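Participant: The structure follows.
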Amino acid sequence: MPLAAQQAPLKVFSAEERARVAELVDRIIPRTDTPGASDAHVPEFIDRKLSMDAALKERFLGGLRAFDGIFDENVPFCKLLKDMTIDGYYTSKEGLTQELGWHGNTYVADFKGCTHPEHQS
Amino acid sequence: MIEDVHDVIVIGSGASGGMAAWNLTRQGVNVLLLDAGTRFSRAKFWTHVKPWEWNPRVDRGEKPPQFYLDTKEQPYDTPKGQPFDLVRVWGRGGKTNVWGRVSLRYSDVDFAGPEKDGWEIPWPIRYKDIQPYYDRVDQFIGVCGGTDDQDSLPGSPYMLPAPAPRCGERLLQKAGKSIGVSIVAGRRAVLTQPHNGHAKCHFCGSCGRGCDVGAFFNSSDYLIEPAMATGKLRVMDNAVVARVLTDGEGKASGVQYFHRETGEEHTLKARVVIVAASCIDSTRILLNSKSHAHPNGIGNSSDVVGRYLSEQIRFHMYGFLPELIGGPTQNDDGIGGEHIYMPRFNHRGAKRDYLRGFGAQFWGSGAQADAGFAKALPGFGVDFKTAVKKRYPALVALHPYGEVLPRAENRVTVDESHKDRYGVPVARIEYKIGENEHKMAAEMYDTAEQILRAAKAEIMPFQRGHLDVAGSAIHEHGTCRMGSDPKRSALNGFCQMHDVPNVFVVDGAAFTTASEKNPTLTILALAWRATDYLAQEMKSGRV
């Protein structure tokens, strides 16, 4: 199935807004040798969140319109965007498994724990 | 028509109600258990739903099991600016479906504490009274972990094999040792090998969503199912108990309940009523059970019912261990939550300027299914992405828990002006911590920071003195406390009401003090002991 077909239709963002958000989230978590934020569908993750919270939607879209493109964590919109990007990216399949190497929540026959002699007390 | 009179009615199906029903039915007593919900189906748990599968499932209209009671359905009141987060699970097994599984024995540092420092009434029991029941509970439910013993954390000879510590946990143990703080193997009710017909843990780490194979103690699979198999237990679903009813002499004669869905009112008759609806809900039932003989609520001539609510103080501190920064990611799920525990130590050495003590848990150490910590890291772009990745395997988390002193003014009342959908007054929770807890919190912060410093950790920013909102530990105790003096306590050491000998209260409400420890193991032991006593009293005709 082509990637686009897997995505739920946007509920809040216009095509332009989605493109702008994709550009911004990729500046927070860019593509390297692993996927970036928009590869991991973070714009769709944010769109879904906004669709469930009217106040958040207003705050986000207002912030997006006013944003001058200069990242600064003291700007409330930047912090909001960064936090949502972190939530979306690091719970996505791409972010968790490809970037962080997480392969948990699965059946393990025997849990070995720490096997490093240098970590023993 | 002759109305049925039940031998024993048990209100609630969690740890305490399940234990009461199991222990009585196996001794031949007929029990009717009233559950405010229905059975949660293990086949429908979302234990193995990956984080990225969650939203698409919800969007398709699927629903994870609805464990938590919505306050819209059952509200409670708190004074303005004094929040209390009350977590309730109505349905078979109650909170044991999703509990933290930390299973620590109280010691005489706990049981003899009040006598020693003079704050409020003494416990009517000591470790030697409850120890045989801890032994039985450990063997019956299966508790894994350390067998070591110290004055504040008694060991048990019946532990299942301890799960191997994760790298971060080993390093924290080492750091603790270097500053004289003992961090031991934890004690958790998780099956690291098959036990009493229950499956062993498969280390998927998602216990908080309910275990799809029942590999940790939950009241539904471990107590209620075997009790049903005796043929002596009947369980009634969706029965929301409002009141314990009394006869002309003030003895309990049955209960009044409402059907959760239809709202229909019913009454049932019983020779004995066991209240096990969890601390706050049990207290609400008792206080709403007003009669000529019990104008302040049943069994409340002492005016202690509802008072002395004691939860625990708690906060969180995080760091990254240098040995693990930039290292490989491992599957750190283990038995879900920590494999280690820091027992109380502040009763040793110099006398503190506060009473009672604290311990610490460490869940969330190692690779998690998210990276929320990244919100506290500065920057953007490749450098930021790299910084997150390097720290991800190195995360350790400290969660100290401290005892809150029992105080008469920390209380649950019922609000005649605010009624639930059945017309039953809701609980009002007034709860504040005091100077003692703030002083203790200072040492808790110092200790957590010292452990992380000894581990040479990069410590995440924290706000010294900040504590979780009251109720967050989900360890409510004390609102129907046991004691030897009927003027200052509601129950005797067997959880039996001083005023009403055919009513027993067997959940956290019965505790004289909260301690710093997780209460479920002690709830199970006390409920077992109480119902052994009750079975004996019934046989001899005294109850």
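Ordering of the structure tokens sets the chain letters (A, B, ...); residue numbers start at 1 within each chain; ligands are numbered from 1 in the order shown.
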Kindly assemble as JSON lines a list of the chain A residues that lie within 6 Å of chain B, each paired with its nearest atom pair and their distance in Å to one decimal, using only C-alpha atoms, sorted first by chain and then by ascending residue number.
Facilitator:
{"residue": "A:Arg27", "atom": "CA", "partner": "B:Gly381", "partner_atom": "CA", "distance": 5.4}
{"residue": "A:Ile28", "atom": "CA", "partner": "B:Phe380", "partner_atom": "CA", "distance": 4.6}
{"residue": "A:Ile29", "atom": "CA", "partner": "B:Gly381", "partner_atom": "CA", "distance": 5.3}
{"residue": "A:Pro30", "atom": "CA", "partner": "B:Gly381", "partner_atom": "CA", "distance": 5.9}
{"residue": "A:Asp83", "atom": "CA", "partner": "B:Lys375", "partner_atom": "CA", "distance": 5.8}
{"residue": "A:Tyr90", "atom": "CA", "partner": "B:Asp370", "partner_atom": "CA", "distance": 5.2}
{"residue": "A:Thr91", "atom": "CA", "partner": "B:Asp370", "partner_atom": "CA", "distance": 5.3}
{"residue": "A:Ser92", "atom": "CA", "partner": "B:Trp52", "partner_atom": "CA", "distance": 5.0}
{"residue": "A:Lys93", "atom": "CA", "partner": "B:Trp52", "partner_atom": "CA", "distance": 5.9}
{"residue": "A:Leu100", "atom": "CA", "partner": "B:Lys389", "partner_atom": "CA", "distance": 5.9}
{"residue": "A:Gly101", "atom": "CA", "partner": "B:Thr329", "partner_atom": "CA", "distance": 5.9}
{"residue": "A:Gly104", "atom": "CA", "partner": "B:Asn331", "partner_atom": "CA", "distance": 5.6}
{"residue": "A:Asn105", "atom": "CA", "partner": "B:Cys204", "partner_atom": "CA", "distance": 4.2}
{"residue": "A:Thr106", "atom": "CA", "partner": "B:Cys204", "partner_atom": "CA", "distance": 4.8}
{"residue": "A:Tyr107", "atom": "CA", "partner": "B:His202", "partner_atom": "CA", "distance": 5.3}
{"residue": "A:Val108", "atom": "CA", "partner": "B:His202", "partner_atom": "CA", "distance": 5.3}
{"residue": "A:Phe111", "atom": "CA", "partner": "B:Gly334", "partner_atom": "CA", "distance": 6.0}
{"residue": "A:Gly113", "atom": "CA", "partner": "B:Arg166", "partner_atom": "CA", "distance": 4.5}
{"residue": "A:Cys114", "atom": "CA", "partner": "B:Cys167", "partner_atom": "CA", "distance": 4.6}
{"residue": "A:His119", "atom": "CA", "partner": "B:Leu171", "partner_atom": "CA", "distance": 5.9}
{"residue": "A:Ser121", "atom": "CA", "partner": "B:Lys174", "partner_atom": "CA", "distance": 4.9}
Participant: Can you list, as a list in words, every protein, DNA or RNA residue that comes within 8 Å of Ile11 (chain B) when you count only C-alpha atoms, leaving out same-chain residues fewer than 3 positions away?
Facilitator: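 After dropping sequence-adjacent residues, the list is Gly17, Leu33, Leu34, Asp35, Val241, Val273, Ile274, Val275, Ala276 and Ala277 of chain B.
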Participant: Could you build a table of the residues in region 306-407 of chain B lying no more than 12 Å from region 83-106 of chain B, giving for each the nearest pair of atoms and their separation in Å rounded to one decimal place, using only C-alpha atoms, ordered by chain and ascending residue number, as a Markdown table?
Facilitator:
| residue | atom | partner | partner_atom | distance |
| --- | --- | --- | --- | --- |
| B:Leu309 | CA | B:Phe84 | CA | 11.4 |
| B:Ser310 | CA | B:Phe84 | CA | 11.8 |
| B:Glu311 | CA | B:Phe84 | CA | 10.0 |
| B:Gln312 | CA | B:Phe84 | CA | 11.8 |
| B:Ile335 | CA | B:Arg101 | CA | 9.8 |
| B:Gly336 | CA | B:Gly100 | CA | 8.8 |
| B:Gly337 | CA | B:Gly100 | CA | 7.6 |
| B:Glu338 | CA | B:Val102 | CA | 9.0 |
| B:His339 | CA | B:Val102 | CA | 9.6 |
| B:Ile340 | CA | B:Val102 | CA | 10.1 |
| B:Tyr341 | CA | B:Val102 | CA | 9.2 |
| B:Met342 | CA | B:Leu104 | CA | 11.1 |
| B:Pro343 | CA | B:Leu104 | CA | 9.4 |
| B:Arg344 | CA | B:Tyr106 | CA | 10.8 |
| B:Gly359 | CA | B:Leu104 | CA | 10.9 |
| B:Ala360 | CA | B:Val102 | CA | 11.1 |
| B:Gln361 | CA | B:Val102 | CA | 8.9 |
| B:Phe362 | CA | B:Val102 | CA | 11.1 |
| B:Trp363 | CA | B:Gly100 | CA | 9.5 |
Participant: Taking 3 positions as the minimum chain separation for residues in the same chain, which residues sit within 8 Å of region 395-408 of chain B when counting only C-alpha atoms? Answer as a PDB file with N, CA and C atoms, in the first residue's frame.
Facilitator:
ATOM      1  N   TRP B 119       2.496   9.568  68.316  1.00  0.00           N
ATOM      2  CA  TRP B 119       1.536  10.248  67.434  1.00  0.00           C
ATOM      3  C   TRP B 119       0.328   9.344  67.177  1.00  0.00           C
ATOM      4  N   GLU B 120      -0.806   9.741  67.686  1.00  0.00           N
ATOM      5  CA  GLU B 120      -2.067   9.004  67.517  1.00  0.00           C
ATOM      6  C   GLU B 120      -1.996   7.583  68.106  1.00  0.00           C
ATOM      7  N   GLY B 168      20.829  -0.010  34.697  1.00  0.00           N
ATOM      8  CA  GLY B 168      20.671   1.196  35.507  1.00  0.00           C
ATOM      9  C   GLY B 168      20.387   0.863  36.962  1.00  0.00           C
ATOM     10  N   GLU B 169      19.635  -0.201  37.187  1.00  0.00           N
ATOM     11  CA  GLU B 169      19.307  -0.593  38.558  1.00  0.00           C
ATOM     12  C   GLU B 169      20.542  -1.099  39.297  1.00  0.00           C
ATOM     13  N   VAL B 304     -14.593   8.309  64.707  1.00  0.00           N
ATOM     14  CA  VAL B 304     -13.329   8.216  63.949  1.00  0.00           C
ATOM     15  C   VAL B 304     -13.566   7.800  62.490  1.00  0.00           C
ATOM     16  N   ARG B 307     -12.335   9.870  59.534  1.00  0.00           N
ATOM     17  CA  ARG B 307     -11.177  10.687  59.918  1.00  0.00           C
ATOM     18  C   ARG B 307      -9.867   9.925  59.707  1.00  0.00           C
ATOM     19  N   TYR B 308      -8.759  10.655  59.876  1.00  0.00           N
ATOM     20  CA  TYR B 308      -7.399  10.079  59.816  1.00  0.00           C
ATOM     21  C   TYR B 308      -7.049   9.525  58.436  1.00  0.00           C
ATOM     22  N   LEU B 309      -7.641  10.110  57.399  1.00  0.00           N
ATOM     23  CA  LEU B 309      -7.263   9.702  56.045  1.00  0.00           C
ATOM     24  C   LEU B 309      -5.766   9.951  55.850  1.00  0.00           C
ATOM     25  N   SER B 310      -5.051   8.907  55.501  1.00  0.00           N
ATOM     26  CA  SER B 310      -3.608   9.019  55.302  1.00  0.00           C
ATOM     27  C   SER B 310      -3.258   8.420  53.953  1.00  0.00           C
ATOM     28  N   GLU B 311      -2.785   9.263  53.061  1.00  0.00           N
ATOM     29  CA  GLU B 311      -2.245   8.745  51.808  1.00  0.00           C
ATOM     30  C   GLU B 311      -0.732   8.792  51.954  1.00  0.00           C
ATOM     31  N   GLN B 312       0.006   8.962  50.895  1.00  0.00           N
ATOM     32  CA  GLN B 312       1.466   9.055  51.006  1.00  0.00           C
ATOM     33  C   GLN B 312       1.944  10.211  50.148  1.00  0.00           C
ATOM     34  N   ILE B 313       3.076  10.810  50.558  1.00  0.00           N
ATOM     35  CA  ILE B 313       3.657  11.845  49.707  1.00  0.00           C
ATOM     36  C   ILE B 313       4.620  11.180  48.732  1.00  0.00           C
ATOM     37  N   ARG B 314       4.766  11.794  47.568  1.00  0.00           N
ATOM     38  CA  ARG B 314       5.587  11.170  46.533  1.00  0.00           C
ATOM     39  C   ARG B 314       6.061  12.217  45.534  1.00  0.00           C
ATOM     40  N   PHE B 315       7.223  11.998  44.981  1.00  0.00           N
ATOM     41  CA  PHE B 315       7.669  12.809  43.844  1.00  0.00           C
ATOM     42  C   PHE B 315       8.570  11.932  42.963  1.00  0.00           C
ATOM     43  N   HIS B 316       9.113  12.532  41.913  1.00  0.00           N
ATOM     44  CA  HIS B 316       9.897  11.780  40.936  1.00  0.00           C
ATOM     45  C   HIS B 316      11.170  12.547  40.617  1.00  0.00           C
ATOM     46  N   MET B 317      12.284  11.830  40.515  1.00  0.00           N
ATOM     47  CA  MET B 317      13.531  12.466  40.096  1.00  0.00           C
ATOM     48  C   MET B 317      14.193  11.553  39.061  1.00  0.00           C
ATOM     49  N   TYR B 318      14.729  12.187  38.018  1.00  0.00           N
ATOM     50  CA  TYR B 318      15.266  11.410  36.901  1.00  0.00           C
ATOM     51  C   TYR B 318      16.708  11.796  36.616  1.00  0.00           C
ATOM     52  N   GLY B 319      17.457  10.860  36.100  1.00  0.00           N
ATOM     53  CA  GLY B 319      18.827  11.162  35.699  1.00  0.00           C
ATOM     54  C   GLY B 319      19.282  10.207  34.609  1.00  0.00           C
ATOM     55  N   PHE B 320      20.448  10.510  34.065  1.00  0.00           N
ATOM     56  CA  PHE B 320      21.048   9.660  33.030  1.00  0.00           C
ATOM     57  C   PHE B 320      22.403   9.206  33.539  1.00  0.00           C
ATOM     58  N   LEU B 321      22.660   7.903  33.463  1.00  0.00           N
ATOM     59  CA  LEU B 321      23.900   7.364  34.015  1.00  0.00           C
ATOM     60  C   LEU B 321      25.003   7.372  32.961  1.00  0.00           C
ATOM     61  N   ARG B 356       8.242   9.314  61.433  1.00  0.00           N
ATOM     62  CA  ARG B 356       7.978   8.290  60.411  1.00  0.00           C
ATOM     63  C   ARG B 356       9.006   8.337  59.276  1.00  0.00           C
ATOM     64  N   GLY B 357       8.700   7.642  58.186  1.00  0.00           N
ATOM     65  CA  GLY B 357       9.780   7.434  57.223  1.00  0.00           C
ATOM     66  C   GLY B 357       9.361   7.349  55.768  1.00  0.00           C
ATOM     67  N   PHE B 358      10.345   7.037  54.943  1.00  0.00           N
ATOM     68  CA  PHE B 358      10.111   6.949  53.497  1.00  0.00           C
ATOM     69  C   PHE B 358      10.957   5.834  52.895  1.00  0.00           C
ATOM     70  N   GLY B 359      10.519   5.343  51.764  1.00  0.00           N
ATOM     71  CA  GLY B 359      11.269   4.379  50.955  1.00  0.00           C
ATOM     72  C   GLY B 359      11.277   4.890  49.525  1.00  0.00           C
ATOM     73  N   ALA B 360      11.765   4.087  48.595  1.00  0.00           N
ATOM     74  CA  ALA B 360      11.737   4.554  47.207  1.00  0.00           C
ATOM     75  C   ALA B 360      11.573   3.413  46.222  1.00  0.00           C
ATOM     76  N   GLN B 361      10.832   3.707  45.177  1.00  0.00           N
ATOM     77  CA  GLN B 361      10.676   2.826  44.028  1.00  0.00           C
ATOM     78  C   GLN B 361      11.429   3.430  42.835  1.00  0.00           C
ATOM     79  N   PHE B 362      11.554   2.668  41.772  1.00  0.00           N
ATOM     80  CA  PHE B 362      12.431   3.074  40.661  1.00  0.00           C
ATOM     81  C   PHE B 362      11.836   2.746  39.293  1.00  0.00           C
ATOM     82  N   TRP B 363      10.502   2.647  39.193  1.00  0.00           N
ATOM     83  CA  TRP B 363       9.955   2.220  37.905  1.00  0.00           C
ATOM     84  C   TRP B 363      10.283   3.243  36.811  1.00  0.00           C
ATOM     85  N   GLY B 364      10.321   2.752  35.587  1.00  0.00           N
ATOM     86  CA  GLY B 364      10.596   3.638  34.453  1.00  0.00           C
ATOM     87  C   GLY B 364      12.076   3.833  34.202  1.00  0.00           C
ATOM     88  N   SER B 365      12.921   2.977  34.785  1.00  0.00           N
ATOM     89  CA  SER B 365      14.359   3.057  34.502  1.00  0.00           C
ATOM     90  C   SER B 365      14.682   2.196  33.284  1.00  0.00           C
ATOM     91  N   GLY B 366      15.529   2.713  32.399  1.00  0.00           N
ATOM     92  CA  GLY B 366      15.892   1.980  31.190  1.00  0.00           C
ATOM     93  C   GLY B 366      15.012   2.385  30.019  1.00  0.00           C
ATOM     94  N   ALA B 367      15.131   1.620  28.915  1.00  0.00           N
ATOM     95  CA  ALA B 367      14.426   1.955  27.675  1.00  0.00           C
ATOM     96  C   ALA B 367      12.913   1.859  27.869  1.00  0.00           C
ATOM     97  N   ARG B 391      20.828   9.508  25.403  1.00  0.00           N
ATOM     98  CA  ARG B 391      20.342   9.385  26.783  1.00  0.00           C
ATOM     99  C   ARG B 391      19.294   8.291  26.963  1.00  0.00           C
ATOM    100  N   TYR B 392      18.662   7.928  25.870  1.00  0.00           N
ATOM    101  CA  TYR B 392      17.523   6.999  25.950  1.00  0.00           C
ATOM    102  C   TYR B 392      17.818   5.716  26.749  1.00  0.00           C
ATOM    103  N   ARG B 411     -10.209  14.192  56.451  1.00  0.00           N
ATOM    104  CA  ARG B 411     -11.365  13.316  56.621  1.00  0.00           C
ATOM    105  C   ARG B 411     -12.266  13.219  55.402  1.00  0.00           C
ATOM    106  N   ILE B 433      -1.532  17.901  53.772  1.00  0.00           N
ATOM    107  CA  ILE B 433      -0.351  17.453  54.499  1.00  0.00           C
ATOM    108  C   ILE B 433       0.162  18.612  55.340  1.00  0.00           C
ATOM    109  N   ASN B 436       5.197  18.133  59.158  1.00  0.00           N
ATOM    110  CA  ASN B 436       5.967  16.884  59.264  1.00  0.00           C
ATOM    111  C   ASN B 436       6.314  16.320  57.884  1.00  0.00           C
ATOM    112  N   GLU B 437       5.332  16.356  56.997  1.00  0.00           N
ATOM    113  CA  GLU B 437       5.557  15.801  55.660  1.00  0.00           C
ATOM    114  C   GLU B 437       6.527  16.672  54.860  1.00  0.00           C
ATOM    115  N   MET B 440       9.934  15.852  56.023  1.00  0.00           N
ATOM    116  CA  MET B 440      10.335  14.546  55.490  1.00  0.00           C
ATOM    117  C   MET B 440      10.689  14.673  54.006  1.00  0.00           C
ATOM    118  N   ALA B 441       9.883  15.439  53.279  1.00  0.00           N
ATOM    119  CA  ALA B 441      10.127  15.597  51.838  1.00  0.00           C
ATOM    120  C   ALA B 441      11.512  16.186  51.588  1.00  0.00           C
ATOM    121  N   MET B 444      13.774  13.399  51.717  1.00  0.00           N
ATOM    122  CA  MET B 444      13.527  12.545  50.543  1.00  0.00           C
ATOM    123  C   MET B 444      14.233  13.119  49.311  1.00  0.00           C
ATOM    124  N   ALA B 448      17.343  11.284  47.273  1.00  0.00           N
ATOM    125  CA  ALA B 448      17.271  10.974  45.844  1.00  0.00           C
ATOM    126  C   ALA B 448      18.427  11.641  45.100  1.00  0.00           C
ATOM    127  N   GLY B 478      -6.838   4.417  56.588  1.00  0.00           N
ATOM    128  CA  GLY B 478      -7.038   4.979  57.915  1.00  0.00           C
ATOM    129  C   GLY B 478      -8.406   5.487  58.297  1.00  0.00           C
ATOM    130  N   THR B 513      -2.082   3.220  60.595  1.00  0.00           N
ATOM    131  CA  THR B 513      -1.204   4.212  59.970  1.00  0.00           C
ATOM    132  C   THR B 513      -0.963   3.788  58.526  1.00  0.00           C
ATOM    133  N   ALA B 514      -0.436   4.714  57.753  1.00  0.00           N
ATOM    134  CA  ALA B 514      -0.225   4.424  56.330  1.00  0.00           C
ATOM    135  C   ALA B 514       1.097   3.727  56.071  1.00  0.00           C
ATOM    136  N   SER B 515       2.128   4.048  56.835  1.00  0.00           N
ATOM    137  CA  SER B 515       3.504   3.629  56.530  1.00  0.00           C
ATOM    138  C   SER B 515       3.933   4.201  55.174  1.00  0.00           C
ATOM    139  N   GLU B 516       5.175   3.951  54.802  1.00  0.00           N
ATOM    140  CA  GLU B 516       5.676   4.413  53.505  1.00  0.00           C
ATOM    141  C   GLU B 516       5.524   3.333  52.442  1.00  0.00           C
ATOM    142  N   LYS B 517       4.987   2.175  52.867  1.00  0.00           N
ATOM    143  CA  LYS B 517       4.991   1.020  51.964  1.00  0.00           C
ATOM    144  C   LYS B 517       3.677   0.883  51.194  1.00  0.00           C
TER     145      LYS B 517
END
Participant: Have a look at A:Thr85, A:Thr115, A:Gln120, A:Gln98 and name the one nearest to Ala22 (chain A); count only C-alpha atoms.
Facilitator: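 Result for the nearest residue to Ala22 (chain A): A:Thr85.
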Participant: Quick one: everything within 9 Å of region 34-51 of chain A, counting only C-alpha atoms, minus sequence neighbours fewer than 3 positions away in the same chain. Send it as a PyMOL selection string.
Facilitator: (chain A and resi 7-13+18-19+21-23+25-31+54-58+60+81+84-89+92-95+98-99) or (chain B and resi 55)
Participant: Which of region 292-527 of chain B end up as helix (DSSP H, G or I) when DSSP is run on this backbone - answer as JSON, numbers by chain?
Facilitator: {"B": [372, 373, 374, 375, 376, 381, 382, 383, 384, 385, 386, 387, 388, 389, 390, 391, 392, 393, 394, 435, 436, 437, 438, 439, 440, 441, 442, 443, 444, 445, 446, 447, 448, 449, 450, 451, 452, 453, 454, 508, 509, 510, 520, 521, 522, 523, 524, 525, 526, 527]}
Participant: Would you export the selected residues with N, CA and C atoms as a compact mmCIF listing (two decimals), in the first residue's frame, please?
Facilitator:
# COMPACT_ATOMS: atom_id res chain seq x y z
N GLY B 372 9.59 10.81 26.86
CA GLY B 372 9.05 12.05 27.45
C GLY B 372 10.14 12.93 28.05
N PHE B 373 11.23 12.31 28.49
CA PHE B 373 12.33 13.08 29.08
C PHE B 373 12.89 14.11 28.10
N ALA B 374 12.69 13.84 26.80
CA ALA B 374 13.26 14.73 25.78
C ALA B 374 12.71 16.15 25.90
N LYS B 375 11.53 16.28 26.50
CA LYS B 375 10.94 17.62 26.65
C LYS B 375 11.79 18.51 27.56
N ALA B 376 12.60 17.87 28.40
CA ALA B 376 13.44 18.65 29.31
C ALA B 376 14.83 18.91 28.71
N GLY B 381 16.84 20.07 16.16
CA GLY B 381 17.66 19.61 15.04
C GLY B 381 18.48 18.37 15.34
N VAL B 382 19.50 18.17 14.53
CA VAL B 382 20.30 16.95 14.61
C VAL B 382 20.93 16.80 16.00
N ASP B 383 21.42 17.92 16.56
CA ASP B 383 22.05 17.84 17.89
C ASP B 383 21.04 17.36 18.93
N PHE B 384 19.84 17.88 18.84
CA PHE B 384 18.79 17.47 19.78
C PHE B 384 18.46 16.00 19.59
N LYS B 385 18.28 15.59 18.37
CA LYS B 385 17.94 14.19 18.07
C LYS B 385 19.02 13.25 18.61
N THR B 386 20.27 13.66 18.43
CA THR B 386 21.39 12.85 18.92
C THR B 386 21.41 12.81 20.45
N ALA B 387 21.13 13.96 21.07
CA ALA B 387 21.14 14.02 22.54
C ALA B 387 20.08 13.09 23.13
N VAL B 388 18.91 13.02 22.50
CA VAL B 388 17.83 12.14 22.98
C VAL B 388 18.26 10.69 22.84
N LYS B 389 18.77 10.36 21.67
CA LYS B 389 19.15 8.97 21.38
C LYS B 389 20.23 8.47 22.36
N LYS B 390 21.19 9.34 22.66
CA LYS B 390 22.28 8.94 23.55
C LYS B 390 21.79 8.69 24.98
N ARG B 391 20.83 9.51 25.40
CA ARG B 391 20.34 9.39 26.78
C ARG B 391 19.29 8.29 26.96
N TYR B 392 18.66 7.93 25.87
CA TYR B 392 17.52 7.00 25.95
C TYR B 392 17.82 5.72 26.75
N PRO B 393 18.94 5.03 26.52
CA PRO B 393 19.17 3.80 27.30
C PRO B 393 19.66 4.07 28.72
N ALA B 394 19.95 5.35 29.03
CA ALA B 394 20.65 5.68 30.28
C ALA B 394 19.73 6.24 31.36
N GLU B 435 3.47 20.14 58.30
CA GLU B 435 4.89 20.44 58.45
C GLU B 435 5.73 19.16 58.49
N ASN B 436 5.20 18.13 59.16
CA ASN B 436 5.97 16.88 59.26
C ASN B 436 6.31 16.32 57.88
N GLU B 437 5.33 16.36 57.00
CA GLU B 437 5.56 15.80 55.66
C GLU B 437 6.53 16.67 54.86
N HIS B 438 6.43 17.99 55.03
CA HIS B 438 7.35 18.86 54.29
C HIS B 438 8.79 18.65 54.76
N LYS B 439 8.95 18.45 56.06
CA LYS B 439 10.30 18.18 56.57
C LYS B 439 10.82 16.84 56.03
N MET B 440 9.93 15.85 56.02
CA MET B 440 10.33 14.55 55.49
C MET B 440 10.69 14.67 54.01
N ALA B 441 9.88 15.44 53.28
CA ALA B 441 10.13 15.60 51.84
C ALA B 441 11.51 16.19 51.59
N ALA B 442 11.96 17.06 52.50
CA ALA B 442 13.30 17.65 52.32
C ALA B 442 14.35 16.54 52.34
N GLU B 443 14.23 15.60 53.28
CA GLU B 443 15.22 14.51 53.32
C GLU B 443 15.02 13.55 52.14
N MET B 444 13.77 13.40 51.72
CA MET B 444 13.53 12.54 50.54
C MET B 444 14.23 13.12 49.31
N TYR B 445 14.12 14.44 49.15
CA TYR B 445 14.80 15.09 48.02
C TYR B 445 16.32 14.95 48.13
N ASP B 446 16.82 15.19 49.36
CA ASP B 446 18.27 15.06 49.56
C ASP B 446 18.75 13.65 49.21
N THR B 447 18.00 12.66 49.67
CA THR B 447 18.40 11.27 49.45
C THR B 447 18.42 10.92 47.96
N ALA B 448 17.34 11.28 47.27
CA ALA B 448 17.27 10.97 45.84
C ALA B 448 18.43 11.64 45.10
N GLU B 449 18.69 12.88 45.45
CA GLU B 449 19.76 13.61 44.77
C GLU B 449 21.12 13.00 45.10
N GLN B 450 21.31 12.61 46.37
CA GLN B 450 22.60 12.00 46.75
C GLN B 450 22.84 10.70 46.01
N ILE B 451 21.80 9.90 45.84
CA ILE B 451 21.97 8.64 45.12
C ILE B 451 22.38 8.93 43.68
N LEU B 452 21.70 9.88 43.05
CA LEU B 452 22.03 10.21 41.66
C LEU B 452 23.42 10.82 41.55
N ARG B 453 23.79 11.64 42.53
CA ARG B 453 25.15 12.23 42.50
C ARG B 453 26.20 11.14 42.68
N ALA B 454 25.93 10.20 43.58
CA ALA B 454 26.89 9.11 43.80
C ALA B 454 27.05 8.27 42.53
N GLY B 508 -8.06 -0.95 52.97
CA GLY B 508 -7.09 0.01 53.48
C GLY B 508 -7.66 0.92 54.56
N ALA B 509 -8.97 1.07 54.63
CA ALA B 509 -9.59 1.91 55.66
C ALA B 509 -9.23 1.42 57.06
N ALA B 510 -8.95 0.12 57.18
CA ALA B 510 -8.72 -0.48 58.50
C ALA B 510 -7.35 -0.15 59.10
N THR B 520 -1.00 -3.30 49.53
CA THR B 520 -1.86 -4.43 49.11
C THR B 520 -1.51 -5.75 49.80
N LEU B 521 -0.22 -6.05 49.92
CA LEU B 521 0.15 -7.31 50.58
C LEU B 521 -0.40 -7.35 52.01
N THR B 522 -0.32 -6.22 52.69
CA THR B 522 -0.82 -6.16 54.07
C THR B 522 -2.34 -6.22 54.10
N ILE B 523 -3.00 -5.62 53.11
CA ILE B 523 -4.46 -5.73 53.01
C ILE B 523 -4.85 -7.20 52.88
N LEU B 524 -4.14 -7.93 52.02
CA LEU B 524 -4.45 -9.35 51.81
C LEU B 524 -4.24 -10.14 53.11
N ALA B 525 -3.12 -9.86 53.79
CA ALA B 525 -2.82 -10.59 55.02
C ALA B 525 -3.85 -10.27 56.12
N LEU B 526 -4.20 -8.99 56.25
CA LEU B 526 -5.18 -8.61 57.27
C LEU B 526 -6.56 -9.19 56.97
N ALA B 527 -6.93 -9.20 55.68
CA ALA B 527 -8.25 -9.73 55.31
C ALA B 527 -8.30 -11.25 55.53
Participant: Region 278-294 of chain B: which residues within 8 Å, counting only C-alpha atoms, same-chain residues fewer than 4 positions away excluded, as a PyMOL selection string?
Facilitator: chain B and resi 12+14+241-246+248-250+298-301+305-306+412-414+424-427+476-480+505+507-509
Participant: Between CA of Pro64 (chain B) and CA of Gly208 (chain B), what is the distance in Å, rounded to a tenth?
Facilitator: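 Separation of CA of Pro64 (chain B) and CA of Gly208 (chain B): 12.1 Å.
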Participant: Rounded to one decimal in Å, what is the spacing between CA of Thr71 (chain B) and CA of Phe258 (chain B)?
Facilitator: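 Rounded to one decimal, the two atoms are 17.4 Å apart.
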Participant: Neighbours of region 146-148 of chain B within 8 Å (only C-alpha atoms; same-chain residues fewer than 2 positions away dropped), as a ChimeraX atom specification?
Facilitator: /B:144,150,154-159,161-162,184-187
Participant: Quick check, in Å to one decimal: how far apart do CA of His6 (chain B) and CA of Lys269 (chain B) lie?
Facilitator: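 Distance between the two atoms: 6.1 Å.
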Participant: Can you pull out every residue within 12 Å of Gly28 (chain B), counting only C-alpha atoms, but drop anything in the same chain fewer than 6 positions away, and send it as a PyMOL selection string?
Facilitator: chain B and resi 7-8+21-22+227+230-233+532+535-536+538-539
